[in-house]
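Below is one structure, written out as structure tokens, with a few remarks after it.
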Amino acid sequence: MMRILHRWPGLVLAALLFVTALSGAALSIFPTLDAVQAPQAGATLTVAELAARVQASHPGLEQIKRAPSGQISAWWFDGSQPGSAIIDPATGRDVASADPDLVRRWLTTLHRSLFMGDGGRLTATTGALAMLVLAISGAVLVARRTGGWRRWFARLRGPLAGRLHTEIARVAVLGLLLSSVTALWMSAETFEIVTIEAASLEAPAQVSGRVGLALTQMAALSATPVAELRELSFPAPGDPQDLFTLRTDRGMGYVDAGTGTLLAWQDLSFGQHLSETIAMLHTGQGAAVLGLILGLMALGVPVLAVTGVLTCLAGRRARPQLKDNAQAAQAETVVLVGSEGGSTWGFAATLASALRDAGQSVHVAPMTGFAPSRYRQAQRFLILAATYGEGDAPASAKGFLDQMQALQEPPAAPMAVLGFGDRSFPAFCAFAAAVESAARAKGWAALLPYDTIDRQSSQDFTRWGRTLGHALEIELELSHQPVLPATQTLTLLERRDHGAAVQVPMAILRFALPKASLWQRLTGQGLARFEPGDLLGILPEGSAVPRLYSLASGSQDGFIEIVVRQHPGGLTSGQLTRLQPGQTVRGFLRRHPGFHAQTDRAPLILIGAGTGVGPLAGFIRRNERHRPIHLFFGLRHPDSDFLYRDELASWQAEGKLAHLSVAVSRGDGPHQYVQDVLRQEATQVAEAIRQGAKVMVCGGRDMARGVCDALTEILKPAGLTPAMLKAGGRYVEDVY
């Protein structure tokens, strides 16, 4: 529901929001220009002194006004000819015309009424209401994406368009809320929905009847500083019954022209102060800096519109079209989906279709929209949850665990959790497992035991479907064909072979970087943008199951590089290690931000063995800021599988690599594994970690386990453990 509230007002009223936002941003400049350009009155200058100076230049003076910017304007008659000007309060003389310039008038009319009178004002009000809805719904969606209001400024991930949309939104939302609310209030006053009486005061019954008192001798005007003045209107020349009308920030009053005393006074009401404050907050008049800030935030609206459309289109492409999706309130079966890249939605669509064929009414929705009160007729909940990074919630499940914890009691209908992941990753289905544990802790009844799907296995899914059908006492045959990400053709540029002498063939493969379209760069699709540590999926000939390889390069390097070891009987590795320059394979990108080096200055301790050195070499290659990096590299024989040997020496000379420690498990010298070298340099390692170093491990599972054991010993005297470092994001693994 919240996504619908956010999406459709933006799409339908995009053109109107463009116009009002851009015109409002342009108008926000004028209060600052007025404050900078207008001559300002001295702090001690009184209204009496100012009026005397202006009257000396213009004897027929009728009115003086002071704008919120401090600009002084005057109106007079010279004989029968009216005149007006902006006044220098220091001299009382003219400095510029008082008429607003054509550009300002044009922009003001465009912003307020779109040149269409009351109909245009009503249209502009509709735009302000749409902006309010967009700001509120957008704030809720940002909180969901970041994992809660307390994580409002948490680091984002995903395609450029989506990240840019959220980055701008979470900065501009307060300004957009303020602008839309104040605009709606001002519109309510314009259409007299809200009525605030203007300041008024009855003229006193008795006046002195005298004229001619010098302005500088008038006590009421002498007691009023110019900084408080809004308007001073002069009595008609020669009329002894007429009075000066004085309006200030506090209220309005009448001043006797013959005695200079204040005969009557009326303070501004609360409603009048409120109305003026709202106008100031919306226009920036009297608060130039605030006006500029709101104007800058308004400039974000066109960018939000464009990135919002791009994100919406990309999301529709990634998510399968769910036909015959029942309303949440009428559905018997509710399928909640937690997906990052979109593949889990495909399984949900297959499940929903099969259940409908069996006579069920099914509602499929993202886990972010979980609200038990919506599912009034639900008889069961089926949760299909992928895992992101090191056990995090995927994009469409952000905040689900918090929502579950906030429940006073679980739904009455039972639930089943099905996790999706890849067993080659240490955090296999960790988020789904967390959902299962939280549900059990809440006392939510189980429809089925917790189960998992490994690497999008159709066979696993079919097996689970039969179990579900048995529980529902229906025939349920789930036949799912996973939809792979769109692949691109990768052409091999060069290869460097290693490992033949130790009977472990491996190669560093460098592919040409495909040209990315503007759409791909904005939406993050294809191979437009990636970092070392991200994953390259290779789809081998003769199979629909891809193999993932850690990238040893980033898109800024201008090429795609991976390190491949040939596994006995391995289909993908066999094809890659036989690939020759000029030949091609099909590949796709899968982001892995949990294994990025980031851009801070904290030292890095990189630990890898064999082909696991690939992404670590990518981190070093990109270390242009000479961040302290210590690489521990395990290999079999220095003359056979010393991957990146020449590059590592060059990077050390350039200052990109501070220190290199090599562990050789075969060869002429002592046989060591990488964990043995870690123990030999325990003092330096422990000290670096105490000073904030981050540990990154890449390679086989056995190697990673040995490294963890070694670091447990090394860190024990310091009162630290690898688990503590992992909790703080300072120990990450890419293990296979």
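In the structure tokens, chains take letters A, B, ... by order of appearance, with residues numbered from 1 within each chain and ligands from 1 in the order shown.
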
(message) Report as a PyMOL selection string all protein, DNA and RNA residues lying within 12 Å of Arg601 (chain A), evaluated on only C-alpha atoms, omitting residues in the same chain fewer than 5 positions from it.
(response) chain A and resi 623-629+691-694

(request) Would you list the contacts of Ile605 (chain A) as an NGL selection string, taking every protein, DNA or RNA residue within 12 Å and counting only C-alpha atoms, but skipping same-chain residues closer than 4 positions in sequence? (result) :A and (597 or 616 or 619-620 or 627-633 or 657-661 or 678 or 681 or 684-689 or 691-698 or 707 or 711 or 730-733)

Given the selection you just returned, output its residues as a file containing N, CA and C atoms, formatted as a CSV table (one decimal), in the first residue's frame.
chain,number,residue,atom,x,y,z
A,597,ALA,N,36.3,-3.7,-0.2
A,597,ALA,CA,37.3,-3.1,0.7
A,597,ALA,C,36.9,-1.8,1.3
A,616,LEU,N,41.6,-10.1,-3.6
A,616,LEU,CA,42.6,-9.4,-2.8
A,616,LEU,C,43.5,-8.6,-3.7
A,619,PHE,N,41.8,-5.5,-4.7
A,619,PHE,CA,41.8,-4.4,-3.7
A,619,PHE,C,43.1,-3.7,-3.8
A,620,ILE,N,44.2,-4.4,-3.9
A,620,ILE,CA,45.5,-3.8,-3.9
A,620,ILE,C,45.7,-2.9,-5.1
A,627,ARG,N,46.5,3.1,1.2
A,627,ARG,CA,46.0,2.6,2.5
A,627,ARG,C,47.0,1.5,3.0
A,628,PRO,N,47.3,1.4,4.2
A,628,PRO,CA,48.2,0.3,4.7
A,628,PRO,C,47.5,-1.1,4.4
A,629,ILE,N,48.2,-1.9,3.6
A,629,ILE,CA,47.6,-3.3,3.3
A,629,ILE,C,48.7,-4.3,3.5
A,630,HIS,N,48.4,-5.3,4.3
A,630,HIS,CA,49.3,-6.5,4.5
A,630,HIS,C,48.6,-7.7,3.9
A,631,LEU,N,49.3,-8.3,3.0
A,631,LEU,CA,48.8,-9.5,2.3
A,631,LEU,C,49.5,-10.8,2.8
A,632,PHE,N,48.7,-11.7,3.3
A,632,PHE,CA,49.2,-13.1,3.6
A,632,PHE,C,48.7,-14.0,2.5
A,633,PHE,N,49.6,-14.6,1.7
A,633,PHE,CA,49.2,-15.4,0.5
A,633,PHE,C,49.8,-16.8,0.6
A,657,LEU,N,50.9,-1.7,-1.7
A,657,LEU,CA,51.0,-2.9,-0.8
A,657,LEU,C,52.1,-2.6,0.2
A,658,ALA,N,51.8,-2.6,1.5
A,658,ALA,CA,52.8,-2.3,2.5
A,658,ALA,C,53.6,-3.5,2.8
A,659,HIS,N,53.0,-4.7,2.9
A,659,HIS,CA,53.8,-5.8,3.3
A,659,HIS,C,53.2,-7.1,2.7
A,660,LEU,N,54.1,-8.0,2.3
A,660,LEU,CA,53.7,-9.3,1.7
A,660,LEU,C,54.3,-10.4,2.5
A,661,SER,N,53.5,-11.4,2.9
A,661,SER,CA,54.0,-12.6,3.6
A,661,SER,C,53.5,-13.8,2.8
A,678,LEU,N,50.7,-16.5,9.8
A,678,LEU,CA,50.0,-15.6,10.7
A,678,LEU,C,50.5,-15.7,12.1
A,681,GLU,N,53.8,-14.0,12.7
A,681,GLU,CA,53.7,-12.6,12.8
A,681,GLU,C,52.6,-12.1,13.7
A,684,GLN,N,52.6,-8.4,15.2
A,684,GLN,CA,52.2,-7.3,14.3
A,684,GLN,C,50.7,-7.4,13.9
A,685,VAL,N,50.2,-8.6,13.7
A,685,VAL,CA,48.8,-8.8,13.4
A,685,VAL,C,47.9,-8.3,14.5
A,686,ALA,N,48.2,-8.7,15.7
A,686,ALA,CA,47.4,-8.3,16.9
A,686,ALA,C,47.4,-6.8,17.0
A,687,GLU,N,48.6,-6.2,16.9
A,687,GLU,CA,48.7,-4.7,17.0
A,687,GLU,C,47.9,-4.0,15.9
A,688,ALA,N,48.0,-4.5,14.7
A,688,ALA,CA,47.2,-3.8,13.6
A,688,ALA,C,45.7,-3.9,13.9
A,689,ILE,N,45.3,-5.0,14.4
A,689,ILE,CA,43.8,-5.2,14.6
A,689,ILE,C,43.4,-4.3,15.8
A,691,GLN,N,44.6,-1.5,16.4
A,691,GLN,CA,44.5,-0.1,15.9
A,691,GLN,C,43.4,0.0,14.8
A,692,GLY,N,42.5,-1.0,14.7
A,692,GLY,CA,41.4,-0.8,13.8
A,692,GLY,C,41.5,-1.5,12.4
A,693,ALA,N,42.5,-2.3,12.2
A,693,ALA,CA,42.6,-3.0,10.9
A,693,ALA,C,41.4,-3.9,10.7
A,694,LYS,N,41.0,-4.1,9.4
A,694,LYS,CA,40.0,-4.9,9.0
A,694,LYS,C,40.6,-6.2,8.3
A,695,VAL,N,40.0,-7.3,8.6
A,695,VAL,CA,40.5,-8.6,8.1
A,695,VAL,C,39.6,-9.1,7.0
A,696,MET,N,40.2,-9.5,5.9
A,696,MET,CA,39.4,-10.0,4.8
A,696,MET,C,40.0,-11.3,4.3
A,697,VAL,N,39.2,-12.4,4.3
A,697,VAL,CA,39.7,-13.8,4.0
A,697,VAL,C,39.0,-14.3,2.8
A,698,CYS,N,39.8,-14.8,1.8
A,698,CYS,CA,39.2,-15.4,0.6
A,698,CYS,C,39.9,-16.7,0.3
A,707,VAL,N,42.5,-20.3,9.4
A,707,VAL,CA,42.8,-18.8,9.6
A,707,VAL,C,42.1,-18.4,10.9
A,711,LEU,N,43.7,-16.8,14.3
A,711,LEU,CA,43.4,-15.5,14.8
A,711,LEU,C,42.8,-15.6,16.2
A,730,ARG,N,34.5,-6.0,10.8
A,730,ARG,CA,35.9,-5.9,10.6
A,730,ARG,C,36.5,-7.3,10.3
A,731,TYR,N,35.7,-8.3,10.1
A,731,TYR,CA,36.2,-9.6,9.7
A,731,TYR,C,35.2,-10.2,8.7
A,732,VAL,N,35.6,-10.3,7.4
A,732,VAL,CA,34.6,-10.7,6.4
A,732,VAL,C,35.3,-11.8,5.6
A,733,GLU,N,34.5,-12.8,5.1
A,733,GLU,CA,35.0,-13.9,4.4
A,733,GLU,C,34.3,-14.1,3.1

(message) as a PyMOL selection string, please: the residues near Gln403 (chain A) (cut-off 9 Å, only C-alpha atoms, same-chain neighbours under 3 positions excluded).
(response) chain A and resi 368+370-371+399-400+406-407

(request) Would you kindly return, as a list in words, each protein, DNA or RNA residue with an atom no farther than 9 Å from any atom of Arg529 (chain A), considering only C-alpha atoms and excluding same-chain residues fewer than 2 positions away? (result) Pro159, Leu160, Ala516, Gln520, Arg521, Gly524, Gln525, Gly526, Leu527, Glu531, Gly554, Ser555 and Gln556 of chain A

(request) Quick one: pick out all helix (DSSP H, G or I) residues within region 486-640 of chain A from a backbone DSSP run and write them as a PyMOL selection string. (result) chain A and resi 500-502+518-523+555-557+571-577+593-595+610-621

Would you save the residues of that selection, restricted to C-alpha atoms, as a JSON list (two decimals), in the first residue's frame?
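Output contents, as saved in result_26.json:
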[["chain", "number", "residue", "atom", "x", "y", "z"],
["A", 500, "ALA", "CA", 50.88, -27.06, -14.10],
["A", 501, "ALA", "CA", 54.01, -28.14, -12.19],
["A", 502, "VAL", "CA", 51.94, -29.03, -9.11],
["A", 518, "LEU", "CA", 23.08, 4.77, -20.29],
["A", 519, "TRP", "CA", 20.19, 2.68, -18.99],
["A", 520, "GLN", "CA", 22.57, 0.05, -17.63],
["A", 521, "ARG", "CA", 24.73, 2.68, -15.93],
["A", 522, "LEU", "CA", 21.72, 4.30, -14.26],
["A", 523, "THR", "CA", 20.00, 1.10, -13.18],
["A", 555, "SER", "CA", 34.83, -1.53, -13.69],
["A", 556, "GLN", "CA", 37.18, 1.46, -13.31],
["A", 557, "ASP", "CA", 40.07, -0.81, -14.28],
["A", 571, "LEU", "CA", 32.13, -28.24, -16.47],
["A", 572, "THR", "CA", 32.57, -24.47, -16.10],
["A", 573, "SER", "CA", 36.19, -24.50, -14.91],
["A", 574, "GLY", "CA", 37.12, -26.92, -17.70],
["A", 575, "GLN", "CA", 35.62, -24.66, -20.36],
["A", 576, "LEU", "CA", 37.24, -21.55, -18.90],
["A", 577, "THR", "CA", 40.72, -23.04, -18.54],
["A", 593, "PRO", "CA", 29.04, -5.69, -1.21],
["A", 594, "GLY", "CA", 29.73, -7.63, 1.97],
["A", 595, "PHE", "CA", 33.17, -8.35, 0.51],
["A", 610, "GLY", "CA", 45.38, -20.21, -4.29],
["A", 611, "THR", "CA", 42.77, -18.58, -6.51],
["A", 612, "GLY", "CA", 41.40, -16.78, -3.42],
["A", 613, "VAL", "CA", 44.07, -14.14, -4.00],
["A", 614, "GLY", "CA", 42.04, -12.84, -6.97],
["A", 615, "PRO", "CA", 39.78, -10.25, -5.27],
["A", 616, "LEU", "CA", 42.56, -9.42, -2.81],
["A", 617, "ALA", "CA", 44.79, -8.48, -5.76],
["A", 618, "GLY", "CA", 41.91, -6.34, -7.02],
["A", 619, "PHE", "CA", 41.79, -4.44, -3.72],
["A", 620, "ILE", "CA", 45.52, -3.76, -3.88],
["A", 621, "ARG", "CA", 45.37, -2.69, -7.53]]

(message) Which residues are near Arg666 (chain A)? Cut-off 10 Å, only C-alpha atoms, ignore same chain within fewer than 2 positions. Put them as a ChimeraX atom specification.
(response) /A:502,635-638,663-664,668-673

Just N, CA and C atoms for this one: save the residues we selected as an mmCIF file, in the first residue's frame.
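What landed in again.cif:
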data_model
loop_
_atom_site.group_PDB
_atom_site.id
_atom_site.type_symbol
_atom_site.label_atom_id
_atom_site.label_comp_id
_atom_site.auth_asym_id
_atom_site.auth_seq_id
_atom_site.Cartn_x
_atom_site.Cartn_y
_atom_site.Cartn_z
ATOM 1 N N VAL A 502 52.456 -28.370 -10.319
ATOM 2 C CA VAL A 502 51.941 -29.030 -9.112
ATOM 3 C C VAL A 502 50.607 -29.717 -9.409
ATOM 4 N N LEU A 635 50.434 -20.454 -1.130
ATOM 5 C CA LEU A 635 50.545 -21.094 -2.442
ATOM 6 C C LEU A 635 51.293 -22.412 -2.291
ATOM 7 N N ARG A 636 51.331 -23.185 -3.375
ATOM 8 C CA ARG A 636 51.989 -24.490 -3.305
ATOM 9 C C ARG A 636 53.476 -24.382 -3.597
ATOM 10 N N HIS A 637 53.810 -23.767 -4.746
ATOM 11 C CA HIS A 637 55.224 -23.694 -5.150
ATOM 12 C C HIS A 637 55.468 -22.339 -5.807
ATOM 13 N N PRO A 638 56.488 -21.607 -5.378
ATOM 14 C CA PRO A 638 56.708 -20.250 -5.902
ATOM 15 C C PRO A 638 56.998 -20.208 -7.398
ATOM 16 N N ALA A 663 53.236 -17.943 2.226
ATOM 17 C CA ALA A 663 53.326 -19.281 2.825
ATOM 18 C C ALA A 663 53.375 -20.301 1.697
ATOM 19 N N VAL A 664 54.423 -21.139 1.680
ATOM 20 C CA VAL A 664 54.616 -22.129 0.617
ATOM 21 C C VAL A 664 54.420 -23.522 1.217
ATOM 22 N N ASP A 668 61.129 -26.341 -1.894
ATOM 23 C CA ASP A 668 62.406 -26.712 -1.298
ATOM 24 C C ASP A 668 62.512 -26.307 0.165
ATOM 25 N N GLY A 669 61.874 -25.242 0.573
ATOM 26 C CA GLY A 669 61.995 -24.759 1.946
ATOM 27 C C GLY A 669 61.001 -25.419 2.875
ATOM 28 N N PRO A 670 60.840 -24.838 4.077
ATOM 29 C CA PRO A 670 59.862 -25.385 5.040
ATOM 30 C C PRO A 670 58.443 -25.253 4.496
ATOM 31 N N HIS A 671 57.658 -26.271 4.738
ATOM 32 C CA HIS A 671 56.285 -26.266 4.256
ATOM 33 C C HIS A 671 55.390 -25.555 5.279
ATOM 34 N N GLN A 672 54.682 -24.528 4.795
ATOM 35 C CA GLN A 672 53.828 -23.743 5.680
ATOM 36 C C GLN A 672 52.493 -23.459 4.993
ATOM 37 N N TYR A 673 51.484 -23.296 5.837
ATOM 38 C CA TYR A 673 50.212 -22.790 5.354
ATOM 39 C C TYR A 673 50.054 -21.341 5.830
#

(request) Step one, run DSSP on the backbone; step two, keep only residues of region 204-272 of chain A assigned to strand (DSSP E or B); then write them as a list in words. (result)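 DSSP-assigned strand (DSSP E or B) residues in region 204-272 of chain A: Pro225, Leu229, Arg230, Glu231, Leu232, Ser233, Leu243, Phe244, Thr245, Leu246, Arg247, Thr248, Gly251, Met252, Gly253, Tyr254, Val255, Asp256, Leu262, Leu263, Ala264, Trp265, Gln266 and Asp267 of chain A.
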
Using the selection just defined, write its residues with C-alpha atoms as a compact mmCIF listing (two decimals), in the first residue's frame.
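Dumped to out.txt:
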# COMPACT_ATOMS: atom_id res chain seq x y z
CA PRO A 225 13.46 50.88 15.70
CA LEU A 229 9.02 48.38 11.06
CA ARG A 230 6.71 46.87 8.49
CA GLU A 231 4.80 49.89 7.26
CA LEU A 232 4.30 53.58 8.06
CA SER A 233 1.41 55.36 6.31
CA LEU A 243 -3.36 59.92 11.69
CA PHE A 244 -0.13 58.06 11.05
CA THR A 245 -0.70 54.31 10.77
CA LEU A 246 2.22 52.32 12.16
CA ARG A 247 2.60 48.56 11.59
CA THR A 248 5.44 46.62 13.19
CA GLY A 251 1.09 44.82 15.82
CA MET A 252 -0.43 48.08 14.55
CA GLY A 253 -1.34 51.47 16.02
CA TYR A 254 -2.28 55.09 15.29
CA VAL A 255 0.03 58.03 15.98
CA ASP A 256 -1.28 61.56 16.45
CA LEU A 262 0.45 56.59 20.27
CA LEU A 263 -3.35 56.90 20.51
CA ALA A 264 -4.30 53.24 19.96
CA TRP A 265 -2.54 49.91 19.61
CA GLN A 266 -3.48 46.33 18.69
CA ASP A 267 -1.09 43.37 19.08

(request) Could you tell me which of A:Ala427, A:Ala199, A:Val337, A:Leu299 comes closest to Arg250 (chain A) if we count only C-alpha atoms? (result)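 Counting only C-alpha atoms, the residue closest to Arg250 (chain A) is A:Ala199.
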
(request) Name all residues at most 9 Å from Thr487 (chain A) (count only C-alpha atoms; drop same-chain ones fewer than 5 positions away) and give them as a PyMOL selection string. (result) chain A and resi 526+537-539+586-589

(request) Find the spatial neighbours of Phe153 (chain A), counting only C-alpha atoms, within a cut-off of 12 Å - ignore same-chain residues fewer than 2 positions away - and output them as a VMD selection string. (result) chain A and resid 139 142 to 151 155 to 156 163 166 to 171

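Between Thr283 (chain A) and the candidates A:Ala183, A:Val417, A:Ile86, A:Met506, the tightest atom-to-atom separation, counting only C-alpha atoms, involves A:Ala183.
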
(message) Please compute the CA of Thr599 (chain A)-CA of Val140 (chain A) distance, one decimal, in Å.
(response)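 Result for CA of Thr599 (chain A) versus CA of Val140 (chain A): 29.2 Å, one decimal.
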
(request) Between A:Ala393, A:Leu513, A:Leu281, A:Leu725, single out the one closest to Ser28 (chain A), counting only C-alpha atoms. (result) A:Leu281

(request) Report the distance between CA of Phe642 (chain A) and CA of Val662 (chain A) in Å, rounded to one decimal place. (result)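 These two atoms are separated by 9.3 Å.
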
(request) Could you please determine the separation between CA of Thr721 (chain A) and CA of Phe431 (chain A) in Å, to one decimal place? (result)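 Between CA of Thr721 (chain A) and CA of Phe431 (chain A) the gap works out to 22.9 Å.
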